[in-house]
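Take a look at the structure below.
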Amino acid sequence: VWRLVPPKLGRLSRSLKLAALGSLLVLMVLHSPSLLASWQRNELADRRFLQLNKCPACFGTSWCRRFLNGQVVFEAWGRLRLLDFLNVKNVYFAQYGEPREGGRRRVVLKRLGSQRELAQLDQSICKRATGRPRCDLLQAMPRTEFARLNGDVRLLTPEAVEGWSDLVHCPSQRLLDRLVRRYAETKDSGSFLLRNLKDSERMQLLLTLAFNPEPLVLQSFPSDEGWPFAKYLGACGRMVAVNYVGEELWSYFNAPWEKRVDLAWQLMEIAEQLTNNDFEFALYLLDVSFDNFAVGPRDGKVIIVDAENVLVADKRLIRQNKPENWDVWYESKFDDCDKEACLSFSKEILCARATVDHNYYAVCQNLLSRHATWRGTSGGLLHDPPSEIAKDGRLEALLDECANPKKRYGRFQAAKELREYLAQLSNNVR
């Protein structure tokens, strides 16, 4: 094998390279006034950095006092704008402190889109309002579809926003009333009547609904009421703050077996809760990967931290309207594709059936079973079980039937038995 240096020297060489790179970065910081300034000042108190000047083409203003008063600060390397090109998703970690409480807590800040997506949003608004790619967004917004509900409009109706995003692919009036009533970016929340919102707040709501409805999912199905989503805190301009949950699920891929069993059981419980609940809303997860879930460091609770692609179907409306085949159980088709985190689904069917196995399918195929692939790995979260469990074969059989059922309606039964079996294993190992 051709090698210029022995293995130990190779490791030393890599270490020296990393040290040199680190030294270079430090030198750049110390010798660049702009970089040093960005390290020293709190850019989260800067109106332009928050893009507050773009409101009402923004996500809200409820947390602006906290941002502008300097209560939210970036953590460590988040202060360096030089590194923004690596942060494609525009997600930051920060510390938030309330003067009365003392101490700080970790929060996650999101721009809800990449720089390119946000630039495309601006261009789209300007072209619709003026025919040009650049414009004054403050003047342009009232001339777009985001202002269609301004004035004396009583309700947000399905006809106005149907299909704008996954959240409202097939909205019921009951869902939209819930979105408005729980909208956190207004002082007068609690009413489902649009007339209680200012025109600027209506435009912000509609823009969020169309661009990335994640804040509205977190507000409408809050963690305080037992929903498995991160807690929404507030927004200022184009920066949204949510509660920090913990490390991504991916970091537990090689955790001890006992821990992985508990996490798998929680994931199946989440699939069940989002599918069948007392509110008769089915929340279907259309993007399921190890990066979209996180685990609390203290309570070990699994939480969904990326809720952009959640389709909400109103089961009560489906039973009332009785579309064709509404009462026929729908089985999602297994998709053995070459890409990571693949899912096969029909939004139209998810919106028209009262009994659907999509969430079980998504969790089993993309997270738990041997079919799950992520970052070059395979085998799923429940890979390499203890010898006695592997020999028994029940776990593997249930996972396979849940991911790729061989029997008609087999996934429904397999998901039920898998939840029970994982609960049993969790009790045995605790």
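The way I read the labels, and the way they are meant: chains A, B, ... in the order of the structure tokens, residue 1 as the first residue of every chain, and ligand 1 as the first ligand shown, with later ones counted on from there.
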
key: DSSP-assigned alpha helix (DSSP H) members of region 99-129 of chain A, reported as a count of residues only   = 15

ask   = Gly246 (chain A): which residues within 8 Å, counting only C-alpha atoms, same-chain residues fewer than 3 positions away excluded, as a list in words?
value =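 Near neighbours after the sequence-gap exclusion: Ala294, Val295, Gly296 and Pro297 of chain A.
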
Backbone DSSP call of strand (DSSP E) for region 228-377 of chain A, listed as an NGL selection string = :A and (232-236 or 239-243 or 247-248 or 281-285 or 293-295 or 302-304 or 310-314 or 373-374 or 377)

Gap from CA of Thr208 (chain A) to CA of Cys58 (chain A) - Å, one decimal = 7.5 Å

Shell around Asn150 (chain A) at 8 Å using only C-alpha atoms, local window under 4 positions removed, as a list in words =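 The residues satisfying every condition are Asp199, Arg202 and Met203 of chain A.
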
inquiry  = I'd like the contact shell of Arg47 (chain A) - 9 Å cut-off, only C-alpha atoms, skipping same-chain residues fewer than 4 positions apart - returned as a ChimeraX atom specification.
reply    = /A:43,51-53,64,67-68,236-237

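Nearest-residue note for Glu185 (chain A): choosing from A:Thr61, A:Val305, A:Met239, A:Tyr361, the minimum distance belongs to A:Thr61, counting only C-alpha atoms.
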
Pick from A:Arg419, A:Arg394, A:Arg178, A:Arg408, whichever lies nearest to Ala264 (chain A) using only C-alpha atoms = A:Arg419

Selected residue, from A:Leu249, A:Cys402, A:Leu311, A:Ile389, that lies nearest to Met268 (chain A) when counting only C-alpha atoms =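 That would be A:Cys402, the residue with the smallest distance to Met268 (chain A).
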
task = Please provide the set of residues having any atom within 12 Å of Leu399 (chain A), restricted to only C-alpha atoms, with same-chain residues fewer than 2 positions apart removed, written as a PyMOL selection string.
result = chain A and resi 264+268+360-372+379-383+393-397+401-406+410-419+421-422

Could the residues in this selection be written to a file with N, CA and C atoms, as a compact mmCIF listing (two decimals), in the first residue's frame?
# COMPACT_ATOMS: atom_id res chain seq x y z
N ALA A 264 -36.97 3.80 20.57
CA ALA A 264 -37.82 3.19 19.54
C ALA A 264 -39.26 3.12 20.00
N MET A 268 -42.59 5.00 18.24
CA MET A 268 -43.84 4.35 17.86
C MET A 268 -45.03 4.97 18.58
N TYR A 360 -46.77 5.01 11.01
CA TYR A 360 -46.10 3.75 11.40
C TYR A 360 -45.08 3.36 10.34
N TYR A 361 -45.51 3.46 9.10
CA TYR A 361 -44.65 3.14 7.95
C TYR A 361 -43.40 4.03 7.95
N ALA A 362 -43.59 5.34 8.15
CA ALA A 362 -42.47 6.28 8.09
C ALA A 362 -41.45 6.01 9.19
N VAL A 363 -41.92 5.77 10.40
CA VAL A 363 -41.02 5.52 11.52
C VAL A 363 -40.31 4.18 11.36
N CYS A 364 -41.04 3.15 10.99
CA CYS A 364 -40.43 1.82 10.84
C CYS A 364 -39.43 1.79 9.69
N GLN A 365 -39.81 2.32 8.54
CA GLN A 365 -38.92 2.24 7.37
C GLN A 365 -37.70 3.14 7.53
N ASN A 366 -37.88 4.35 8.00
CA ASN A 366 -36.79 5.32 7.98
C ASN A 366 -35.98 5.41 9.27
N LEU A 367 -36.48 4.81 10.37
CA LEU A 367 -35.77 4.96 11.63
C LEU A 367 -35.43 3.64 12.32
N LEU A 368 -36.34 2.68 12.31
CA LEU A 368 -36.18 1.51 13.17
C LEU A 368 -35.69 0.25 12.48
N SER A 369 -36.15 -0.02 11.28
CA SER A 369 -35.91 -1.33 10.67
C SER A 369 -34.58 -1.41 9.94
N ARG A 370 -34.29 -2.59 9.43
CA ARG A 370 -33.04 -2.80 8.68
C ARG A 370 -33.03 -2.03 7.37
N HIS A 371 -34.20 -1.52 6.95
CA HIS A 371 -34.27 -0.74 5.71
C HIS A 371 -33.85 0.71 5.91
N ALA A 372 -33.71 1.15 7.16
CA ALA A 372 -33.37 2.54 7.44
C ALA A 372 -31.91 2.81 7.10
N GLY A 379 -29.35 -0.49 8.92
CA GLY A 379 -29.71 -1.33 10.05
C GLY A 379 -30.71 -0.72 10.99
N GLY A 380 -30.87 0.61 10.94
CA GLY A 380 -31.86 1.26 11.77
C GLY A 380 -31.44 1.40 13.22
N LEU A 381 -32.26 2.07 14.00
CA LEU A 381 -31.95 2.33 15.40
C LEU A 381 -31.84 1.05 16.21
N LEU A 382 -32.56 0.00 15.80
CA LEU A 382 -32.56 -1.25 16.55
C LEU A 382 -31.60 -2.29 15.95
N HIS A 383 -30.50 -1.80 15.38
CA HIS A 383 -29.49 -2.71 14.82
C HIS A 383 -28.79 -3.48 15.94
N GLY A 393 -36.27 -13.83 17.16
CA GLY A 393 -36.75 -13.45 15.83
C GLY A 393 -38.01 -12.60 15.80
N ARG A 394 -38.66 -12.42 16.93
CA ARG A 394 -39.93 -11.69 16.92
C ARG A 394 -39.74 -10.22 16.56
N LEU A 395 -38.71 -9.59 17.13
CA LEU A 395 -38.48 -8.17 16.87
C LEU A 395 -38.23 -7.92 15.39
N GLU A 396 -37.36 -8.72 14.79
CA GLU A 396 -37.06 -8.55 13.36
C GLU A 396 -38.30 -8.77 12.51
N ALA A 397 -39.11 -9.74 12.86
CA ALA A 397 -40.33 -10.03 12.09
C ALA A 397 -41.31 -8.87 12.18
N GLU A 401 -42.47 -6.47 9.03
CA GLU A 401 -43.88 -6.37 8.67
C GLU A 401 -44.36 -4.92 8.76
N CYS A 402 -43.80 -4.17 9.71
CA CYS A 402 -44.17 -2.76 9.86
C CYS A 402 -43.62 -1.92 8.71
N ALA A 403 -42.41 -2.22 8.27
CA ALA A 403 -41.81 -1.47 7.17
C ALA A 403 -42.33 -1.92 5.82
N ASN A 404 -42.37 -3.24 5.61
CA ASN A 404 -42.75 -3.79 4.30
C ASN A 404 -43.69 -4.98 4.50
N PRO A 405 -44.97 -4.72 4.77
CA PRO A 405 -45.90 -5.79 5.14
C PRO A 405 -46.14 -6.80 4.02
N LYS A 406 -46.25 -8.06 4.40
CA LYS A 406 -46.54 -9.13 3.45
C LYS A 406 -48.03 -9.50 3.46
N GLY A 410 -51.30 -5.74 7.26
CA GLY A 410 -50.32 -6.29 8.19
C GLY A 410 -49.60 -5.23 9.01
N ARG A 411 -49.39 -4.05 8.42
CA ARG A 411 -48.66 -3.01 9.14
C ARG A 411 -49.44 -2.52 10.35
N PHE A 412 -50.76 -2.41 10.23
CA PHE A 412 -51.56 -1.95 11.37
C PHE A 412 -51.37 -2.87 12.57
N GLN A 413 -51.45 -4.17 12.32
CA GLN A 413 -51.31 -5.13 13.42
C GLN A 413 -49.87 -5.18 13.91
N ALA A 414 -48.91 -5.12 12.97
CA ALA A 414 -47.50 -5.18 13.36
C ALA A 414 -47.12 -3.97 14.21
N ALA A 415 -47.63 -2.79 13.85
CA ALA A 415 -47.33 -1.58 14.61
C ALA A 415 -47.86 -1.68 16.03
N LYS A 416 -49.06 -2.23 16.17
CA LYS A 416 -49.66 -2.40 17.50
C LYS A 416 -48.83 -3.37 18.33
N GLU A 417 -48.47 -4.50 17.74
CA GLU A 417 -47.69 -5.50 18.47
C GLU A 417 -46.28 -4.99 18.76
N LEU A 418 -45.72 -4.21 17.83
CA LEU A 418 -44.37 -3.68 18.03
C LEU A 418 -44.34 -2.70 19.20
N ARG A 419 -45.35 -1.86 19.30
CA ARG A 419 -45.43 -0.93 20.43
C ARG A 419 -45.49 -1.70 21.75
N TYR A 421 -44.50 -4.83 22.30
CA TYR A 421 -43.27 -5.59 22.51
C TYR A 421 -42.13 -4.69 23.00
N LEU A 422 -42.01 -3.50 22.39
CA LEU A 422 -40.98 -2.55 22.81
C LEU A 422 -41.23 -2.06 24.23

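Rounded to one decimal, CA of Gln123 (chain A) and CA of Val153 (chain A) lie 27.4 Å from each other.
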
query = Just how far from CA of Leu216 (chain A) is CA of Asp136 (chain A), in Å to one decimal?
reply =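 So the answer is 26.2 Å.
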
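Comparing A:Glu75, A:Glu280, A:Glu159, A:Glu225 by their smallest distance to Phe93 (chain A), the closest is A:Glu75 (using only C-alpha atoms).
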
request  = Considering only C-alpha atoms, state which residue in the set A:Cys126, A:Ala147, A:Val356, A:Val91 is at the smallest distance from Glu201 (chain A).
outcome  =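 Nearest to Glu201 (chain A): A:Ala147.
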